[in-house]
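Enquirer: My questions all concern the structure below.
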Amino acid sequence: MVEAVQDAGVVVTGAGGGIGAALARRFAAEGARVVVNDLDAAKAKAVAGEIGGIAVPGDASAITRDARDALGGTVDVYCANAGVAFEDASAGEPLDEKSWALSWDVNVMAHVRAAHALLPDWLERGRGRFVSTVSAAGLLTMIGAPSYSVTKHGALAFAEWLSLTYHHRGVKVHAICPQGVRTDMLAATGSAGDLVLQPNAIEPEAVADALFRGIEEDRFLILPHPEVAEYYQARATTPDRWLAGMNHIQQKWEAAR
């Protein structure tokens with residue numbers, strides 16, 4: 001058992017399946033009291049029933065107050081896991097503005113709104129934990145998914161800002177950055193996901209395991225695929241070479257299509 005989460009009040013958004021459901025199950029197994037959020041009310045209730053949690057369905061941007069009430073007034077851990085992704089079927093042409101706006105709202109602003117609602121209490125108590133499911137796309141990028149790549153960079157930047165601003169005041173922040181994970185979202189990435197993500201895809205439970213190792217070690221960056229650290233270093237130190245390599249993958253994708 002991880003002492004930091006025993007009897008903690010935990011909220012997991014987008015927890016009707018995939019990574020979110022795996023996180024909810026793991027927190028419950030570690031002795032936490034878990035609110036399961038999802039847009040799909042039936043899925044939220046199913047996972048909550050399975051783990052003895054509390055279902056609070058709805059838009060992840062708007063459930064923080066209801067989730068806090070469901071936990072008796074206190075949220076100790078908030079997992080900003082809900083996300084949306086789009087594959088650009090036109091191989092590089094911009095998505096419509098409505099898709100960009102939705103990506104920005106769910107992948108970034110939902111995190112901002114949750115933090116805004118939770119920080120006053122966390123700072124007063126001197127403790128709190130914010131877990132952001134970012135994706136390796138936030139550290140690197142993803143072919144065929146412009147709005148996902150850009151907004152996941154934004155989610156990482158916000159998590160970094162939270163950590164550097166409030167760590168000394170007791171707020172712990174973790175950014176989870178996996179590559180392919182066997183979820184419905186991966187299946188929806190189409191041919192780009194088949195090329196880049198499927199070969200090394202892991203189960204959602206492996207992501208939860210990586211997070212809990214990070215919690216025990218008080219690490220900000222959670223890499224369920226350790227090789228991402230090498231890719232991230234290459235991107236930072238040899239950007240032209242890294243971009244050339246990514247462009248090669250882009251060309252391979254276009255040729256296969």
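Residue numbers start at 1 in each chain; chains themselves are named A, B, ... in the order of the structure tokens; ligands are numbered from 1 in the order shown.
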Please report as JSON lines every residue of segment 81-174 of chain A lying within 8 Å of segment 45-67 of chain A, along with the nearest atom pair and their distance in Å (one decimal), using only C-alpha atoms.

Expert:
```
{"residue": "A:Ala82", "atom": "CA", "partner": "A:Ala60", "partner_atom": "CA", "distance": 6.8}
{"residue": "A:Val106", "atom": "CA", "partner": "A:Ser61", "partner_atom": "CA", "distance": 7.3}
{"residue": "A:Met109", "atom": "CA", "partner": "A:Ser61", "partner_atom": "CA", "distance": 7.5}
{"residue": "A:Ala110", "atom": "CA", "partner": "A:Ser61", "partner_atom": "CA", "distance": 4.4}
{"residue": "A:His111", "atom": "CA", "partner": "A:Ser61", "partner_atom": "CA", "distance": 7.6}
{"residue": "A:Arg113", "atom": "CA", "partner": "A:Ser61", "partner_atom": "CA", "distance": 6.4}
{"residue": "A:Ala114", "atom": "CA", "partner": "A:Thr64", "partner_atom": "CA", "distance": 6.2}
{"residue": "A:Ala117", "atom": "CA", "partner": "A:Thr64", "partner_atom": "CA", "distance": 7.1}
```

Enquirer: Next, write the just-selected residues to a file, as a tab-separated table (two decimals), in the first residue's frame, keeping C-alpha atoms as the atom set.

Expert:
```tsv
chain	number	residue	atom	x	y	z
A	82	ALA	CA	-10.16	13.00	-19.71
A	106	VAL	CA	-10.78	19.25	-22.84
A	109	MET	CA	-8.68	24.19	-19.97
A	110	ALA	CA	-10.36	21.38	-18.01
A	111	HIS	CA	-7.04	21.04	-16.14
A	113	ARG	CA	-10.44	24.95	-14.23
A	114	ALA	CA	-9.90	22.02	-11.88
A	117	ALA	CA	-11.14	25.23	-7.98
```

Enquirer: Write down as a PyMOL selection string the residues belonging to segment 91-140 of chain A that are assigned strand (DSSP E or B) by DSSP computed on the backbone.

Expert: chain A and resi 128-133

Enquirer: May I have the selected residues written with C-alpha atoms, as a PDB file, in the first residue's frame?

Expert:
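Generated output (selection18.pdb):
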```pdb
ATOM      1  CA  GLY A 128      -2.731  18.199  -2.566  1.00  0.00           C
ATOM      2  CA  ARG A 129      -1.863  16.110  -5.603  1.00  0.00           C
ATOM      3  CA  PHE A 130      -2.597  16.900  -9.270  1.00  0.00           C
ATOM      4  CA  VAL A 131      -2.106  14.119 -11.824  1.00  0.00           C
ATOM      5  CA  SER A 132      -2.179  15.129 -15.491  1.00  0.00           C
ATOM      6  CA  THR A 133      -2.499  12.468 -18.196  1.00  0.00           C
TER       7      THR A 133
END
```

Enquirer: So that I can check the surroundings of Trp253 of chain A, please list as a PyMOL selection string every protein, DNA and RNA residue that reaches within 9 Å of it, counting only C-alpha atoms and ignoring chain neighbours fewer than 3 positions away.

Expert: chain A and resi 91+143+191-192+195+248-250+256-257

Enquirer: Grab the residues selected above and save them as an mmCIF file, in the first residue's frame with all heavy atoms.

Expert:
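Heads up, here's the output in selection.cif:
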```
data_model
loop_
_atom_site.group_PDB
_atom_site.id
_atom_site.type_symbol
_atom_site.label_atom_id
_atom_site.label_comp_id
_atom_site.auth_asym_id
_atom_site.auth_seq_id
_atom_site.Cartn_x
_atom_site.Cartn_y
_atom_site.Cartn_z
ATOM 1 N N ALA A 91 -3.796 13.969 -43.942
ATOM 2 C CA ALA A 91 -2.335 13.852 -43.880
ATOM 3 C C ALA A 91 -1.623 15.191 -43.755
ATOM 4 O O ALA A 91 -0.678 15.480 -44.463
ATOM 5 C CB ALA A 91 -1.805 13.094 -45.088
ATOM 6 N N ILE A 143 2.342 12.333 -35.453
ATOM 7 C CA ILE A 143 1.967 12.568 -36.843
ATOM 8 C C ILE A 143 0.452 12.459 -36.996
ATOM 9 O O ILE A 143 -0.203 11.685 -36.301
ATOM 10 C CB ILE A 143 2.677 11.585 -37.800
ATOM 11 C CG1 ILE A 143 2.263 10.131 -37.497
ATOM 12 C CG2 ILE A 143 4.188 11.749 -37.738
ATOM 13 C CD1 ILE A 143 2.718 9.131 -38.543
ATOM 14 N N SER A 191 -4.558 4.834 -39.030
ATOM 15 C CA SER A 191 -3.306 4.357 -39.630
ATOM 16 C C SER A 191 -2.069 4.971 -38.991
ATOM 17 O O SER A 191 -1.022 4.327 -38.909
ATOM 18 C CB SER A 191 -3.309 4.639 -41.134
ATOM 19 O OG SER A 191 -3.474 6.030 -41.390
ATOM 20 N N ALA A 192 -2.169 6.213 -38.519
ATOM 21 C CA ALA A 192 -1.016 6.828 -37.847
ATOM 22 C C ALA A 192 -0.690 6.081 -36.559
ATOM 23 O O ALA A 192 0.475 5.800 -36.257
ATOM 24 C CB ALA A 192 -1.291 8.294 -37.557
ATOM 25 N N LEU A 195 0.976 2.731 -37.221
ATOM 26 C CA LEU A 195 2.384 2.840 -37.600
ATOM 27 C C LEU A 195 3.284 3.177 -36.414
ATOM 28 O O LEU A 195 4.335 2.552 -36.218
ATOM 29 C CB LEU A 195 2.548 3.907 -38.687
ATOM 30 C CG LEU A 195 3.990 4.219 -39.137
ATOM 31 C CD1 LEU A 195 4.624 2.998 -39.785
ATOM 32 C CD2 LEU A 195 3.993 5.417 -40.084
ATOM 33 N N HIS A 248 10.560 11.747 -41.781
ATOM 34 C CA HIS A 248 10.696 10.457 -42.460
ATOM 35 C C HIS A 248 9.514 9.544 -42.120
ATOM 36 O O HIS A 248 8.969 8.860 -42.997
ATOM 37 C CB HIS A 248 12.017 9.792 -42.057
ATOM 38 C CG HIS A 248 12.212 8.436 -42.648
ATOM 39 N ND1 HIS A 248 12.524 8.237 -43.978
ATOM 40 C CD2 HIS A 248 12.117 7.189 -42.085
ATOM 41 C CE1 HIS A 248 12.616 6.937 -44.217
ATOM 42 N NE2 HIS A 248 12.378 6.285 -43.080
ATOM 43 N N ILE A 249 9.126 9.553 -40.849
ATOM 44 C CA ILE A 249 7.958 8.760 -40.439
ATOM 45 C C ILE A 249 6.698 9.288 -41.110
ATOM 46 O O ILE A 249 5.837 8.527 -41.581
ATOM 47 C CB ILE A 249 7.815 8.770 -38.907
ATOM 48 C CG1 ILE A 249 9.026 8.091 -38.265
ATOM 49 C CG2 ILE A 249 6.526 8.082 -38.479
ATOM 50 C CD1 ILE A 249 9.057 8.198 -36.759
ATOM 51 N N GLN A 250 6.573 10.625 -41.204
ATOM 52 C CA GLN A 250 5.434 11.231 -41.894
ATOM 53 C C GLN A 250 5.364 10.759 -43.353
ATOM 54 O O GLN A 250 4.296 10.384 -43.852
ATOM 55 C CB GLN A 250 5.548 12.748 -41.840
ATOM 56 C CG GLN A 250 4.547 13.528 -42.682
ATOM 57 C CD GLN A 250 3.144 13.531 -42.088
ATOM 58 O OE1 GLN A 250 2.973 13.297 -40.897
ATOM 59 N NE2 GLN A 250 2.145 13.809 -42.909
ATOM 60 N N ALA A 256 2.198 4.828 -47.246
ATOM 61 C CA ALA A 256 1.380 3.667 -46.930
ATOM 62 C C ALA A 256 -0.105 3.934 -47.151
ATOM 63 O O ALA A 256 -0.878 3.019 -47.457
ATOM 64 C CB ALA A 256 1.613 3.248 -45.472
ATOM 65 N N ARG A 257 -0.487 5.204 -47.036
ATOM 66 C CA ARG A 257 -1.898 5.566 -47.205
ATOM 67 C C ARG A 257 -2.292 5.568 -48.667
ATOM 68 O O ARG A 257 -3.447 5.454 -49.010
ATOM 69 C CB ARG A 257 -2.146 6.957 -46.604
ATOM 70 C CG ARG A 257 -2.058 6.948 -45.088
ATOM 71 C CD ARG A 257 -1.821 8.349 -44.563
ATOM 72 N NE ARG A 257 -2.941 9.214 -44.877
ATOM 73 C CZ ARG A 257 -4.041 9.337 -44.152
ATOM 74 N NH1 ARG A 257 -4.164 8.620 -43.066
ATOM 75 N NH2 ARG A 257 -4.991 10.159 -44.488
#
```

Enquirer: Report as a ChimeraX atom specification all protein, DNA and RNA residues lying within 9 Å of segment 154-162 of chain A, evaluated on only C-alpha atoms, omitting residues in the same chain fewer than 2 positions from it.

Expert: /A:104,107-109,111-112,115,130-135,138-139,149-152,164-167,171-175,177,220

Enquirer: Within 9 Å of Gly126 of chain A, counting only C-alpha atoms, which residues qualify if same-chain residues fewer than 5 places away don't, as a VMD selection string?

Expert: chain A and resid 121 169 to 171

Enquirer: Go ahead and save the picked residues with N, CA, C and O atoms, as an mmCIF file, in the first residue's frame.

Expert:
```cif
data_model
loop_
_atom_site.group_PDB
_atom_site.id
_atom_site.type_symbol
_atom_site.label_atom_id
_atom_site.label_comp_id
_atom_site.auth_asym_id
_atom_site.auth_seq_id
_atom_site.Cartn_x
_atom_site.Cartn_y
_atom_site.Cartn_z
ATOM 1 N N ASP A 121 -8.026 25.392 -1.349
ATOM 2 C CA ASP A 121 -8.070 24.447 -0.236
ATOM 3 C C ASP A 121 -6.733 23.749 -0.059
ATOM 4 O O ASP A 121 -6.252 23.571 1.070
ATOM 5 N N ARG A 169 4.805 24.464 -1.396
ATOM 6 C CA ARG A 169 3.642 24.680 -0.534
ATOM 7 C C ARG A 169 2.809 23.405 -0.393
ATOM 8 O O ARG A 169 1.672 23.447 0.067
ATOM 9 N N GLY A 170 3.394 22.278 -0.785
ATOM 10 C CA GLY A 170 2.768 20.982 -0.534
ATOM 11 C C GLY A 170 1.962 20.393 -1.659
ATOM 12 O O GLY A 170 1.353 19.333 -1.488
ATOM 13 N N VAL A 171 1.941 21.049 -2.808
ATOM 14 C CA VAL A 171 1.182 20.534 -3.948
ATOM 15 C C VAL A 171 2.103 19.680 -4.815
ATOM 16 O O VAL A 171 3.082 20.180 -5.369
#
```

Enquirer: Which one is closest to Glu205 of chain A: A:Met1, A:Val77, A:Pro120, A:Arg25? Count only C-alpha atoms.

Expert: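 Counting only C-alpha atoms, the residue closest to Glu205 of chain A is A:Arg25.
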
Enquirer: With only C-alpha atoms as the counted atoms, please give the residues lying no more than 8 Å from Ala210 of chain A, apart from itself and same-chain residues fewer than 2 positions off, as a ChimeraX atom specification.

Expert: /A:206-208,212-214,222-224

Enquirer: So that I can see what lies close to Val75 of chain A, please list as a VMD selection string the residues with an atom at most 8 Å from it, counting only C-alpha atoms and leaving out residues fewer than 5 positions away in the same chain.

Expert: chain A and resid 8 to 11 67 to 68 118 128

Enquirer: If DSSP is run on the backbone, what residues of segment 3-242 of chain A are alpha helix (DSSP H)? A reply as a ChimeraX atom specification would be ideal.

Expert: /A:18-29,41-51,64-70,97-104,110-125,146-166,184-187,190-196,204-217,228-237,239-242

Enquirer: For atom CA of Ser147 of chain A and atom CA of Gly17 of chain A, quote the distance in Å rounded to one decimal.

Expert: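 Between atom CA of Ser147 of chain A and atom CA of Gly17 of chain A the gap works out to 22.3 Å.
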
Enquirer: Taking into account only C-alpha atoms, which residue in the set A:Thr74, A:Thr238, A:Ser103, A:Asn81 is nearest to Gly14 of chain A?

Expert: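 Of the candidates, the smallest distance to Gly14 of chain A is held by A:Asn81.
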
Enquirer: Please measure the separation of atom CA of Asp218 of chain A and atom CA of Met185 of chain A, giving the value in Å to one decimal.

Expert: 28.3 Å

Enquirer: Quick one, how far is atom CA of Ala255 of chain A from atom CA of Glu97 of chain A?

Expert: 27.3 Å

Enquirer: Counting only C-alpha atoms, which of A:Gly18, A:Asp40, A:Thr141, A:Ile215 gets nearest to Trp242 of chain A?

Expert: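 Distance minimum relative to Trp242 of chain A lands on A:Thr141.
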
Enquirer: Which residue gives the smallest distance to Lys252 of chain A among A:Leu123, A:Ala234, A:Leu23, A:Val196, with only C-alpha atoms counted?

Expert: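 Ranked by minimum distance to Lys252 of chain A, first place goes to A:Val196.
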